[in-house]
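Source file my_file13.pdb; content: PDB, C-alpha atoms and all ligand atoms.
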```pdb
MODEL        1
ATOM      1  CA  MET A   1       0.000   0.000   0.000
ATOM      2  CA  THR A   2       1.481   3.314  -1.089
ATOM      3  CA  ARG A   3      -0.069   6.735  -1.553
ATOM      4  CA  MET A   4      -0.554   5.834  -5.211
ATOM      5  CA  THR A   5      -2.543   2.664  -4.431
ATOM      6  CA  PRO A   6      -6.004   4.290  -4.289
ATOM      7  CA  LEU A   7      -5.262   6.282  -7.434
ATOM      8  CA  LEU A   8      -4.146   3.166  -9.284
ATOM      9  CA  GLU A   9      -7.375   1.472  -8.215
ATOM     10  CA  ARG A  10      -9.336   4.352  -9.733
ATOM     11  CA  ASN A  11      -7.242   4.006 -12.886
ATOM     12  CA  GLU A  12      -8.144   0.319 -13.048
ATOM     13  CA  ALA A  13     -11.831   1.293 -13.070
ATOM     14  CA  PHE A  14     -11.110   3.949 -15.710
ATOM     15  CA  ALA A  15      -9.232   1.510 -17.966
ATOM     16  CA  ARG A  16     -12.051  -1.060 -17.784
ATOM     17  CA  ASP A  17     -14.471   1.256 -19.661
ATOM     18  CA  TYR A  18     -11.839   3.050 -21.710
ATOM     19  CA  THR A  19     -12.113   3.675 -25.437
ATOM     20  CA  PRO A  20      -8.821   4.870 -26.958
ATOM     21  CA  VAL A  21      -8.943   8.199 -28.790
ATOM     22  CA  PRO A  22      -7.066   8.400 -32.124
ATOM     23  CA  LEU A  23      -4.561  11.237 -32.556
ATOM     24  CA  GLY A  24      -6.336  14.258 -34.012
ATOM     25  CA  PRO A  25      -6.637  17.997 -33.437
ATOM     26  CA  PRO A  26      -7.895  18.897 -29.927
ATOM     27  CA  THR A  27     -11.646  19.174 -30.468
ATOM     28  CA  ALA A  28     -12.162  22.287 -28.311
ATOM     29  CA  GLN A  29      -9.412  24.086 -30.325
ATOM     30  CA  VAL A  30      -8.273  25.612 -27.035
ATOM     31  CA  LEU A  31      -5.028  25.136 -25.122
ATOM     32  CA  VAL A  32      -5.439  25.901 -21.418
ATOM     33  CA  LEU A  33      -2.590  27.444 -19.411
ATOM     34  CA  THR A  34      -3.368  27.495 -15.714
ATOM     35  CA  CYS A  35      -1.997  27.067 -12.206
ATOM     36  CA  LEU A  36      -0.950  23.677 -10.828
ATOM     37  CA  ASP A  37      -3.135  24.333  -7.751
ATOM     38  CA  HIS A  38      -5.138  21.188  -6.972
ATOM     39  CA  ARG A  39      -8.335  23.264  -6.632
ATOM     40  CA  VAL A  40      -8.285  24.597 -10.186
ATOM     41  CA  ASP A  41      -8.175  21.466 -12.346
ATOM     42  CA  PRO A  42      -9.385  22.595 -15.798
ATOM     43  CA  ALA A  43     -10.737  19.143 -16.697
ATOM     44  CA  ILE A  44     -13.201  19.460 -13.818
ATOM     45  CA  ILE A  45     -13.888  23.216 -14.022
ATOM     46  CA  PHE A  46     -14.649  23.137 -17.757
ATOM     47  CA  GLY A  47     -15.948  19.572 -17.919
ATOM     48  CA  LEU A  48     -13.236  18.664 -20.410
ATOM     49  CA  GLU A  49     -13.314  15.203 -21.919
ATOM     50  CA  LEU A  50     -10.311  13.304 -23.301
ATOM     51  CA  ALA A  51      -8.880  14.784 -26.519
ATOM     52  CA  GLU A  52     -10.651  18.137 -26.105
ATOM     53  CA  ALA A  53      -7.819  20.429 -24.976
ATOM     54  CA  PRO A  54      -4.110  20.269 -24.165
ATOM     55  CA  VAL A  55      -3.289  21.761 -20.772
ATOM     56  CA  ILE A  56      -0.073  23.386 -19.545
ATOM     57  CA  ARG A  57       0.151  23.925 -15.796
ATOM     58  CA  ASN A  58       2.795  25.618 -13.695
ATOM     59  CA  ALA A  59       2.925  27.648 -10.487
ATOM     60  CA  GLY A  60       0.506  30.533 -11.094
ATOM     61  CA  GLY A  61      -0.296  29.631 -14.706
ATOM     62  CA  ARG A  62       2.363  32.156 -15.742
ATOM     63  CA  VAL A  63       3.713  32.689 -19.258
ATOM     64  CA  THR A  64       7.380  31.690 -18.922
ATOM     65  CA  GLU A  65      10.037  30.986 -21.547
ATOM     66  CA  SER A  66       9.373  27.288 -21.064
ATOM     67  CA  VAL A  67       5.619  27.804 -21.693
ATOM     68  CA  ILE A  68       6.433  29.798 -24.845
ATOM     69  CA  ASP A  69       8.703  26.909 -25.947
ATOM     70  CA  ASP A  70       5.848  24.421 -25.541
ATOM     71  CA  ILE A  71       3.283  26.598 -27.333
ATOM     72  CA  ALA A  72       5.674  27.290 -30.223
ATOM     73  CA  TYR A  73       6.297  23.570 -30.656
ATOM     74  CA  LEU A  74       2.589  22.662 -30.324
ATOM     75  CA  ALA A  75       1.696  25.228 -33.000
ATOM     76  CA  PHE A  76       4.310  23.706 -35.297
ATOM     77  CA  LEU A  77       3.079  20.189 -34.514
ATOM     78  CA  ALA A  78      -0.596  21.114 -35.042
ATOM     79  CA  GLU A  79       0.237  22.603 -38.405
ATOM     80  CA  GLN A  80       2.300  19.582 -39.444
ATOM     81  CA  LEU A  81      -0.202  16.973 -38.299
ATOM     82  CA  PHE A  82      -3.556  18.665 -38.700
ATOM     83  CA  GLY A  83      -2.878  21.570 -41.060
ATOM     84  CA  ALA A  84      -5.327  20.136 -43.581
ATOM     85  CA  GLN A  85      -8.057  19.661 -40.945
ATOM     86  CA  VAL A  86      -8.086  23.145 -39.390
ATOM     87  CA  ALA A  87      -8.665  26.573 -40.940
ATOM     88  CA  ALA A  88      -5.462  27.708 -42.639
ATOM     89  CA  ASP A  89      -5.050  30.805 -40.482
ATOM     90  CA  ARG A  90      -6.408  29.453 -37.180
ATOM     91  CA  LEU A  91      -4.720  26.701 -35.154
ATOM     92  CA  PHE A  92      -5.969  27.118 -31.563
ATOM     93  CA  GLU A  93      -6.668  29.656 -28.827
ATOM     94  CA  VAL A  94      -4.454  29.787 -25.737
ATOM     95  CA  ALA A  95      -6.714  30.495 -22.735
ATOM     96  CA  ILE A  96      -4.601  31.796 -19.833
ATOM     97  CA  ILE A  97      -6.378  31.337 -16.517
ATOM     98  CA  HIS A  98      -5.154  32.827 -13.244
ATOM     99  CA  HIS A  99      -7.070  32.334 -10.009
ATOM    100  CA  THR A 100      -7.917  33.945  -6.690
ATOM    101  CA  GLN A 101      -6.271  32.632  -3.483
ATOM    102  CA  CYS A 102      -3.218  31.587  -5.524
ATOM    103  CA  GLY A 103      -0.260  30.281  -3.528
ATOM    104  CA  MET A 104       1.916  32.557  -5.693
ATOM    105  CA  GLY A 105       0.173  35.489  -3.967
ATOM    106  CA  PHE A 106       2.379  35.120  -0.874
ATOM    107  CA  LEU A 107       5.312  36.184  -3.054
ATOM    108  CA  GLY A 108       3.933  39.721  -3.060
ATOM    109  CA  ASP A 109       5.365  40.039   0.468
ATOM    110  CA  PRO A 110       9.099  40.933   0.399
ATOM    111  CA  GLY A 111       9.849  39.053   3.642
ATOM    112  CA  PHE A 112       8.188  35.885   2.392
ATOM    113  CA  ARG A 113       9.984  36.294  -0.931
ATOM    114  CA  ARG A 114      13.361  36.586   0.803
ATOM    115  CA  GLN A 115      12.682  33.419   2.805
ATOM    116  CA  ALA A 116      11.539  31.581  -0.331
ATOM    117  CA  ALA A 117      14.659  32.677  -2.206
ATOM    118  CA  GLY A 118      16.862  31.370   0.601
ATOM    119  CA  ALA A 119      15.070  28.024   0.717
ATOM    120  CA  THR A 120      14.782  27.371  -3.030
ATOM    121  CA  GLY A 121      17.855  28.971  -4.562
ATOM    122  CA  LEU A 122      15.614  31.062  -6.834
ATOM    123  CA  SER A 123      16.377  34.765  -7.066
ATOM    124  CA  GLU A 124      14.102  37.264  -5.307
ATOM    125  CA  ALA A 125      13.621  38.999  -8.667
ATOM    126  CA  ALA A 126      12.436  35.760 -10.313
ATOM    127  CA  LEU A 127      10.047  35.093  -7.437
ATOM    128  CA  GLU A 128       8.705  38.653  -7.613
ATOM    129  CA  ALA A 129       8.108  38.256 -11.363
ATOM    130  CA  ALA A 130       6.276  34.955 -10.738
ATOM    131  CA  ALA A 131       3.959  36.354  -8.021
ATOM    132  CA  VAL A 132       0.177  36.389  -8.577
ATOM    133  CA  VAL A 133      -1.106  39.008  -6.131
ATOM    134  CA  ASP A 134      -4.053  40.192  -8.284
ATOM    135  CA  PRO A 135      -4.976  37.584 -10.917
ATOM    136  CA  HIS A 136      -6.773  40.220 -13.024
ATOM    137  CA  ILE A 137      -3.506  42.164 -13.363
ATOM    138  CA  THR A 138      -1.171  39.210 -13.917
ATOM    139  CA  VAL A 139      -3.427  37.530 -16.474
ATOM    140  CA  LYS A 140      -3.503  40.736 -18.562
ATOM    141  CA  ALA A 141       0.296  41.014 -18.332
ATOM    142  CA  ASP A 142       0.718  37.385 -19.415
ATOM    143  CA  VAL A 143      -1.677  37.735 -22.380
ATOM    144  CA  GLU A 144       0.475  40.675 -23.534
ATOM    145  CA  ARG A 145       3.690  38.786 -22.899
ATOM    146  CA  LEU A 146       2.577  35.857 -25.035
ATOM    147  CA  LEU A 147       1.062  38.015 -27.798
ATOM    148  CA  THR A 148       4.261  40.047 -28.114
ATOM    149  CA  SER A 149       6.575  37.022 -28.178
ATOM    150  CA  PRO A 150       8.197  36.779 -31.610
ATOM    151  CA  ARG A 151       7.949  32.997 -31.249
ATOM    152  CA  LEU A 152       4.118  32.948 -31.087
ATOM    153  CA  SER A 153       2.565  31.668 -34.318
ATOM    154  CA  PRO A 154       0.296  34.296 -35.935
ATOM    155  CA  LYS A 155      -2.237  31.470 -36.284
ATOM    156  CA  VAL A 156      -2.609  31.204 -32.494
ATOM    157  CA  SER A 157      -4.914  33.539 -30.531
ATOM    158  CA  VAL A 158      -4.644  34.352 -26.817
ATOM    159  CA  SER A 159      -7.298  35.158 -24.199
ATOM    160  CA  GLY A 160      -7.195  35.853 -20.440
ATOM    161  CA  HIS A 161      -9.554  34.687 -17.676
ATOM    162  CA  VAL A 162      -9.814  34.675 -13.894
ATOM    163  CA  HIS A 163     -11.129  31.727 -11.898
ATOM    164  CA  ASP A 164     -12.738  32.697  -8.600
ATOM    165  CA  VAL A 165     -11.994  29.809  -6.247
ATOM    166  CA  ALA A 166     -14.778  30.938  -3.873
ATOM    167  CA  THR A 167     -17.541  30.619  -6.500
ATOM    168  CA  GLY A 168     -16.017  28.256  -9.067
ATOM    169  CA  ARG A 169     -16.842  30.814 -11.767
ATOM    170  CA  VAL A 170     -14.419  31.769 -14.553
ATOM    171  CA  THR A 171     -14.758  35.269 -16.053
ATOM    172  CA  THR A 172     -13.047  36.593 -19.170
ATOM    173  CA  THR A 173     -10.653  39.477 -18.560
ATOM    174  CA  VAL A 174      -9.112  39.733 -22.029
ATOM    175  CA  ASP A 175     -10.963  38.616 -25.164
ATOM    176  CA  ALA A 176      -9.124  36.376 -27.635
ATOM    177  CA  ARG A 177      -6.991  38.092 -30.240
ATOM    178  CA  HIS A 178      -4.178  37.200 -32.605
ATOM    179  CA  PRO A 179      -0.697  38.735 -32.388
TER     180      PRO A 179
HETATM  181 ZN    ZN A 201      -2.316  29.144  -8.059
ENDMDL
END
```
Produce structure tokens that represent the structure in this file.
Amino acid sequence: MTRMTPLLERNEAFARDYTPVPLGPPTAQVLVLTCLDHRVDPAIIFGLELAEAPVIRNAGGRVTESVIDDIAYLAFLAEQLFGAQVAADRLFEVAIIHHTQCGMGFLGDPGFRRQAAGATGLSEAALEAAAVVDPHITVKADVERLLTSPRLSPKVSVSGHVHDVATGRVTTTVDARHP
């Protein structure tokens, strides 16, 4: 018995009724970027089924160089694999979702940030840049950051949203637009 045992039992039940999904374009035509917080799972919040939407999660749901790397490659891959199946100028929308009560909010406090830097080896500047104190502000900044990246495909659009953990409701802060 390990901590994974109950999860593997649930997987056994899942696999019993499982129908494999062939590789194809994500049917929702949306890529979700959100926080790794266990309360904001996009599959549950949006009722996503298998093969509907790729999801990238990190602390805060922030647009980092590594996220831009993944999106650039996924745009290339989508065009290579499914270029004939999707509109020539439209691959997918990246929906960036930040949330209230984010654990990255503590990093707005300089004392906490200093302690975190000491414990993790990350710089205080990097931790300050990663903070999510007001999700409405950070999500707008990250939409801009992604839209202005020279590595973003012009066939990808970007939108920004805030998930209120108290109500479960997601509201749109920035409507989707192309670079
Ligand atoms: Zn969070």
Using all atoms listed in the file, I'd like a table of the residues in region 1-80 of chain A that come within 9 Å of region 144-154 of chain A; for each, show the closest atom pair and its distance in Å rounded to one decimal, ordered by chain and ascending number, as a tab-separated table.
```
residue	atom	partner	partner_atom	distance
A:Val63	CA	A:Leu146	CA	6.7
A:Thr64	CA	A:Leu146	CA	8.8
A:Ile68	CA	A:Leu146	CA	7.2
A:Asp69	CA	A:Arg151	CA	8.1
A:Ile71	CA	A:Leu152	CA	7.4
A:Ala72	CA	A:Leu152	CA	5.9
A:Ala75	CA	A:Ser153	CA	6.6
A:Phe76	CA	A:Ser153	CA	8.2
```
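Minimum atom-to-atom distances from A:Val165, A:Ile56, A:Gly24, A:Thr34 to Gln85 (chain A) were compared using all atoms listed in the file, and the lowest value belongs to A:Gly24.
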Pick out the residues no farther than 9 Å from ligand ZN 201 (chain A), counting all atoms listed in the file, and list them as a compact mmCIF listing (two decimals) with C-alpha atoms, in the frame of the given file.
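File produced: out.txt:
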```txt
# COMPACT_ATOMS: atom_id res chain seq x y z
CA THR A 34 -3.37 27.50 -15.71
CA CYS A 35 -2.00 27.07 -12.21
CA LEU A 36 -0.95 23.68 -10.83
CA ASP A 37 -3.14 24.33 -7.75
CA HIS A 38 -5.14 21.19 -6.97
CA ARG A 39 -8.34 23.26 -6.63
CA VAL A 40 -8.28 24.60 -10.19
CA ASN A 58 2.80 25.62 -13.70
CA ALA A 59 2.92 27.65 -10.49
CA GLY A 60 0.51 30.53 -11.09
CA GLY A 61 -0.30 29.63 -14.71
CA HIS A 98 -5.15 32.83 -13.24
CA HIS A 99 -7.07 32.33 -10.01
CA THR A 100 -7.92 33.94 -6.69
CA GLN A 101 -6.27 32.63 -3.48
CA CYS A 102 -3.22 31.59 -5.52
CA GLY A 103 -0.26 30.28 -3.53
CA MET A 104 1.92 32.56 -5.69
CA GLY A 105 0.17 35.49 -3.97
CA VAL A 132 0.18 36.39 -8.58
```
Exercise for the section: Considering all atoms listed in the file, state which residue in the set A:His136, A:Arg10, A:Arg16, A:Arg177 is at the smallest distance from Asp164 (chain A). Expected result: A:His136
Practice task
Identify the residues within 10 Å of coordinate (-2.8, 35.7, -34.4) (same frame as the file), considering only C-alpha atoms, and give the answer as number ranges by chain.
Solution key: A: 89-93, 147, 152-158, 176-179
Exercise for the section: In Å, rounded to a single decimal, give me how far CA of Ala130 (chain A) is from CA of Asp41 (chain A). Expected result: 19.8 Å
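If you count all atoms listed in the file and ignore residues fewer than 5 places along the chain from Val21 (chain A), what sits within 12 Å of it is Pro26, Thr27, Glu49, Leu50, Ala51 and Glu52 of chain A.
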Problem - Two-atom distance - CA of Ala131 (chain A), CA of Val67 (chain A) (Å) - result: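 Pair CA of Ala131 (chain A) / CA of Val67 (chain A) returns 16.2 Å.
One finds CA of Val30 (chain A) at 19.9 Å from CA of Glu65 (chain A).
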Problem - Pick from A:Leu48, A:Ala78, A:Ala119, A:Leu31 nearest to Ala95 (chain A), counting only C-alpha atoms - result: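 Smallest separation from Ala95 (chain A) among the options: A:Leu31.
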Exercise for the section: Run the PyMOL selection byres (((chain A and resi 172) around 9) and not hetatm) against the file shown and list the residues it catches, as a VMD selection string. Expected result: chain A and resid 97 159 to 163 170 to 171 173 to 175
Starting from the structure just given, write a file holding region 84-129 of chain A with N, CA and C atoms, as a PDB file, in the first residue's frame.
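In the end it all went to selection02.pdb:
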```pdb
ATOM      1  N   ALA A  84      -4.275  20.283 -42.575  1.00  0.00           N
ATOM      2  CA  ALA A  84      -5.327  20.136 -43.581  1.00  0.00           C
ATOM      3  C   ALA A  84      -6.713  20.102 -42.933  1.00  0.00           C
ATOM      4  N   GLN A  85      -6.751  19.842 -41.616  1.00  0.00           N
ATOM      5  CA  GLN A  85      -8.057  19.661 -40.945  1.00  0.00           C
ATOM      6  C   GLN A  85      -8.543  20.915 -40.241  1.00  0.00           C
ATOM      7  N   VAL A  86      -7.663  21.911 -40.086  1.00  0.00           N
ATOM      8  CA  VAL A  86      -8.086  23.145 -39.390  1.00  0.00           C
ATOM      9  C   VAL A  86      -7.978  24.308 -40.364  1.00  0.00           C
ATOM     10  N   ALA A  87      -8.700  25.390 -40.072  1.00  0.00           N
ATOM     11  CA  ALA A  87      -8.665  26.573 -40.940  1.00  0.00           C
ATOM     12  C   ALA A  87      -7.219  27.032 -41.101  1.00  0.00           C
ATOM     13  N   ALA A  88      -6.859  27.423 -42.305  1.00  0.00           N
ATOM     14  CA  ALA A  88      -5.462  27.708 -42.639  1.00  0.00           C
ATOM     15  C   ALA A  88      -4.840  28.766 -41.724  1.00  0.00           C
ATOM     16  N   ASP A  89      -5.635  29.727 -41.270  1.00  0.00           N
ATOM     17  CA  ASP A  89      -5.050  30.805 -40.482  1.00  0.00           C
ATOM     18  C   ASP A  89      -5.373  30.692 -38.992  1.00  0.00           C
ATOM     19  N   ARG A  90      -5.988  29.582 -38.578  1.00  0.00           N
ATOM     20  CA  ARG A  90      -6.408  29.453 -37.180  1.00  0.00           C
ATOM     21  C   ARG A  90      -6.031  28.071 -36.650  1.00  0.00           C
ATOM     22  N   LEU A  91      -5.092  28.006 -35.710  1.00  0.00           N
ATOM     23  CA  LEU A  91      -4.720  26.701 -35.154  1.00  0.00           C
ATOM     24  C   LEU A  91      -5.473  26.437 -33.855  1.00  0.00           C
ATOM     25  N   PHE A  92      -5.258  27.277 -32.840  1.00  0.00           N
ATOM     26  CA  PHE A  92      -5.969  27.118 -31.563  1.00  0.00           C
ATOM     27  C   PHE A  92      -5.883  28.417 -30.771  1.00  0.00           C
ATOM     28  N   GLU A  93      -6.703  28.504 -29.736  1.00  0.00           N
ATOM     29  CA  GLU A  93      -6.668  29.656 -28.827  1.00  0.00           C
ATOM     30  C   GLU A  93      -5.975  29.220 -27.542  1.00  0.00           C
ATOM     31  N   VAL A  94      -5.053  30.043 -27.046  1.00  0.00           N
ATOM     32  CA  VAL A  94      -4.454  29.787 -25.737  1.00  0.00           C
ATOM     33  C   VAL A  94      -5.276  30.560 -24.710  1.00  0.00           C
ATOM     34  N   ALA A  95      -5.936  29.854 -23.803  1.00  0.00           N
ATOM     35  CA  ALA A  95      -6.714  30.495 -22.735  1.00  0.00           C
ATOM     36  C   ALA A  95      -5.856  30.494 -21.472  1.00  0.00           C
ATOM     37  N   ILE A  96      -5.415  31.682 -21.054  1.00  0.00           N
ATOM     38  CA  ILE A  96      -4.601  31.796 -19.833  1.00  0.00           C
ATOM     39  C   ILE A  96      -5.551  32.049 -18.676  1.00  0.00           C
ATOM     40  N   ILE A  97      -5.456  31.216 -17.649  1.00  0.00           N
ATOM     41  CA  ILE A  97      -6.378  31.337 -16.517  1.00  0.00           C
ATOM     42  C   ILE A  97      -5.592  31.479 -15.222  1.00  0.00           C
ATOM     43  N   HIS A  98      -5.722  32.640 -14.583  1.00  0.00           N
ATOM     44  CA  HIS A  98      -5.154  32.827 -13.244  1.00  0.00           C
ATOM     45  C   HIS A  98      -6.305  32.751 -12.235  1.00  0.00           C
ATOM     46  N   HIS A  99      -5.982  32.543 -10.958  1.00  0.00           N
ATOM     47  CA  HIS A  99      -7.070  32.334 -10.009  1.00  0.00           C
ATOM     48  C   HIS A  99      -6.861  33.097  -8.707  1.00  0.00           C
ATOM     49  N   THR A 100      -7.967  33.307  -8.002  1.00  0.00           N
ATOM     50  CA  THR A 100      -7.917  33.945  -6.690  1.00  0.00           C
ATOM     51  C   THR A 100      -7.326  32.949  -5.679  1.00  0.00           C
ATOM     52  N   GLN A 101      -6.857  33.455  -4.554  1.00  0.00           N
ATOM     53  CA  GLN A 101      -6.271  32.632  -3.483  1.00  0.00           C
ATOM     54  C   GLN A 101      -5.073  31.816  -3.963  1.00  0.00           C
ATOM     55  N   CYS A 102      -4.350  32.348  -4.961  1.00  0.00           N
ATOM     56  CA  CYS A 102      -3.218  31.587  -5.524  1.00  0.00           C
ATOM     57  C   CYS A 102      -2.060  31.569  -4.528  1.00  0.00           C
ATOM     58  N   GLY A 103      -1.419  30.419  -4.414  1.00  0.00           N
ATOM     59  CA  GLY A 103      -0.260  30.281  -3.528  1.00  0.00           C
ATOM     60  C   GLY A 103       0.889  31.202  -3.943  1.00  0.00           C
ATOM     61  N   MET A 104       0.888  31.638  -5.212  1.00  0.00           N
ATOM     62  CA  MET A 104       1.916  32.557  -5.693  1.00  0.00           C
ATOM     63  C   MET A 104       1.654  33.983  -5.191  1.00  0.00           C
ATOM     64  N   GLY A 105       0.508  34.183  -4.522  1.00  0.00           N
ATOM     65  CA  GLY A 105       0.173  35.489  -3.967  1.00  0.00           C
ATOM     66  C   GLY A 105       1.056  35.865  -2.790  1.00  0.00           C
ATOM     67  N   PHE A 106       1.519  34.852  -2.034  1.00  0.00           N
ATOM     68  CA  PHE A 106       2.379  35.120  -0.874  1.00  0.00           C
ATOM     69  C   PHE A 106       3.670  35.820  -1.298  1.00  0.00           C
ATOM     70  N   LEU A 107       4.054  35.618  -2.562  1.00  0.00           N
ATOM     71  CA  LEU A 107       5.312  36.184  -3.054  1.00  0.00           C
ATOM     72  C   LEU A 107       5.238  37.696  -3.242  1.00  0.00           C
ATOM     73  N   GLY A 108       4.049  38.269  -3.047  1.00  0.00           N
ATOM     74  CA  GLY A 108       3.933  39.721  -3.060  1.00  0.00           C
ATOM     75  C   GLY A 108       4.566  40.350  -1.823  1.00  0.00           C
ATOM     76  N   ASP A 109       4.784  39.554  -0.789  1.00  0.00           N
ATOM     77  CA  ASP A 109       5.365  40.039   0.468  1.00  0.00           C
ATOM     78  C   ASP A 109       6.890  39.875   0.427  1.00  0.00           C
ATOM     79  N   PRO A 110       7.639  40.995   0.537  1.00  0.00           N
ATOM     80  CA  PRO A 110       9.099  40.933   0.399  1.00  0.00           C
ATOM     81  C   PRO A 110       9.763  39.989   1.408  1.00  0.00           C
ATOM     82  N   GLY A 111       9.248  39.921   2.630  1.00  0.00           N
ATOM     83  CA  GLY A 111       9.849  39.053   3.642  1.00  0.00           C
ATOM     84  C   GLY A 111       9.677  37.583   3.272  1.00  0.00           C
ATOM     85  N   PHE A 112       8.470  37.266   2.809  1.00  0.00           N
ATOM     86  CA  PHE A 112       8.188  35.885   2.392  1.00  0.00           C
ATOM     87  C   PHE A 112       9.059  35.521   1.196  1.00  0.00           C
ATOM     88  N   ARG A 113       9.196  36.505   0.286  1.00  0.00           N
ATOM     89  CA  ARG A 113       9.984  36.294  -0.931  1.00  0.00           C
ATOM     90  C   ARG A 113      11.449  36.017  -0.581  1.00  0.00           C
ATOM     91  N   ARG A 114      11.966  36.773   0.394  1.00  0.00           N
ATOM     92  CA  ARG A 114      13.361  36.586   0.803  1.00  0.00           C
ATOM     93  C   ARG A 114      13.560  35.181   1.370  1.00  0.00           C
ATOM     94  N   GLN A 115      12.607  34.772   2.219  1.00  0.00           N
ATOM     95  CA  GLN A 115      12.682  33.419   2.805  1.00  0.00           C
ATOM     96  C   GLN A 115      12.616  32.358   1.708  1.00  0.00           C
ATOM     97  N   ALA A 116      11.709  32.553   0.754  1.00  0.00           N
ATOM     98  CA  ALA A 116      11.539  31.581  -0.331  1.00  0.00           C
ATOM     99  C   ALA A 116      12.797  31.500  -1.173  1.00  0.00           C
ATOM    100  N   ALA A 117      13.429  32.659  -1.415  1.00  0.00           N
ATOM    101  CA  ALA A 117      14.659  32.677  -2.206  1.00  0.00           C
ATOM    102  C   ALA A 117      15.751  31.883  -1.485  1.00  0.00           C
ATOM    103  N   GLY A 118      15.858  32.081  -0.182  1.00  0.00           N
ATOM    104  CA  GLY A 118      16.862  31.370   0.601  1.00  0.00           C
ATOM    105  C   GLY A 118      16.641  29.863   0.579  1.00  0.00           C
ATOM    106  N   ALA A 119      15.381  29.452   0.630  1.00  0.00           N
ATOM    107  CA  ALA A 119      15.070  28.024   0.717  1.00  0.00           C
ATOM    108  C   ALA A 119      15.150  27.317  -0.631  1.00  0.00           C
ATOM    109  N   THR A 120      14.898  28.033  -1.718  1.00  0.00           N
ATOM    110  CA  THR A 120      14.782  27.371  -3.030  1.00  0.00           C
ATOM    111  C   THR A 120      15.967  27.615  -3.943  1.00  0.00           C
ATOM    112  N   GLY A 121      16.762  28.644  -3.660  1.00  0.00           N
ATOM    113  CA  GLY A 121      17.855  28.971  -4.562  1.00  0.00           C
ATOM    114  C   GLY A 121      17.407  29.849  -5.730  1.00  0.00           C
ATOM    115  N   LEU A 122      16.091  30.157  -5.790  1.00  0.00           N
ATOM    116  CA  LEU A 122      15.614  31.062  -6.834  1.00  0.00           C
ATOM    117  C   LEU A 122      15.933  32.495  -6.423  1.00  0.00           C
ATOM    118  N   SER A 123      16.079  33.373  -7.409  1.00  0.00           N
ATOM    119  CA  SER A 123      16.377  34.765  -7.066  1.00  0.00           C
ATOM    120  C   SER A 123      15.106  35.471  -6.605  1.00  0.00           C
ATOM    121  N   GLU A 124      15.267  36.500  -5.763  1.00  0.00           N
ATOM    122  CA  GLU A 124      14.102  37.264  -5.307  1.00  0.00           C
ATOM    123  C   GLU A 124      13.409  37.931  -6.496  1.00  0.00           C
ATOM    124  N   ALA A 125      14.204  38.346  -7.486  1.00  0.00           N
ATOM    125  CA  ALA A 125      13.621  38.999  -8.667  1.00  0.00           C
ATOM    126  C   ALA A 125      12.743  38.012  -9.440  1.00  0.00           C
ATOM    127  N   ALA A 126      13.215  36.770  -9.581  1.00  0.00           N
ATOM    128  CA  ALA A 126      12.436  35.760 -10.313  1.00  0.00           C
ATOM    129  C   ALA A 126      11.148  35.454  -9.555  1.00  0.00           C
ATOM    130  N   LEU A 127      11.240  35.378  -8.239  1.00  0.00           N
ATOM    131  CA  LEU A 127      10.047  35.093  -7.437  1.00  0.00           C
ATOM    132  C   LEU A 127       9.062  36.255  -7.497  1.00  0.00           C
ATOM    133  N   GLU A 128       9.576  37.484  -7.519  1.00  0.00           N
ATOM    134  CA  GLU A 128       8.705  38.653  -7.613  1.00  0.00           C
ATOM    135  C   GLU A 128       7.980  38.653  -8.959  1.00  0.00           C
ATOM    136  N   ALA A 129       8.712  38.282 -10.021  1.00  0.00           N
ATOM    137  CA  ALA A 129       8.108  38.256 -11.363  1.00  0.00           C
ATOM    138  C   ALA A 129       7.056  37.157 -11.461  1.00  0.00           C
TER     139      ALA A 129
END
```
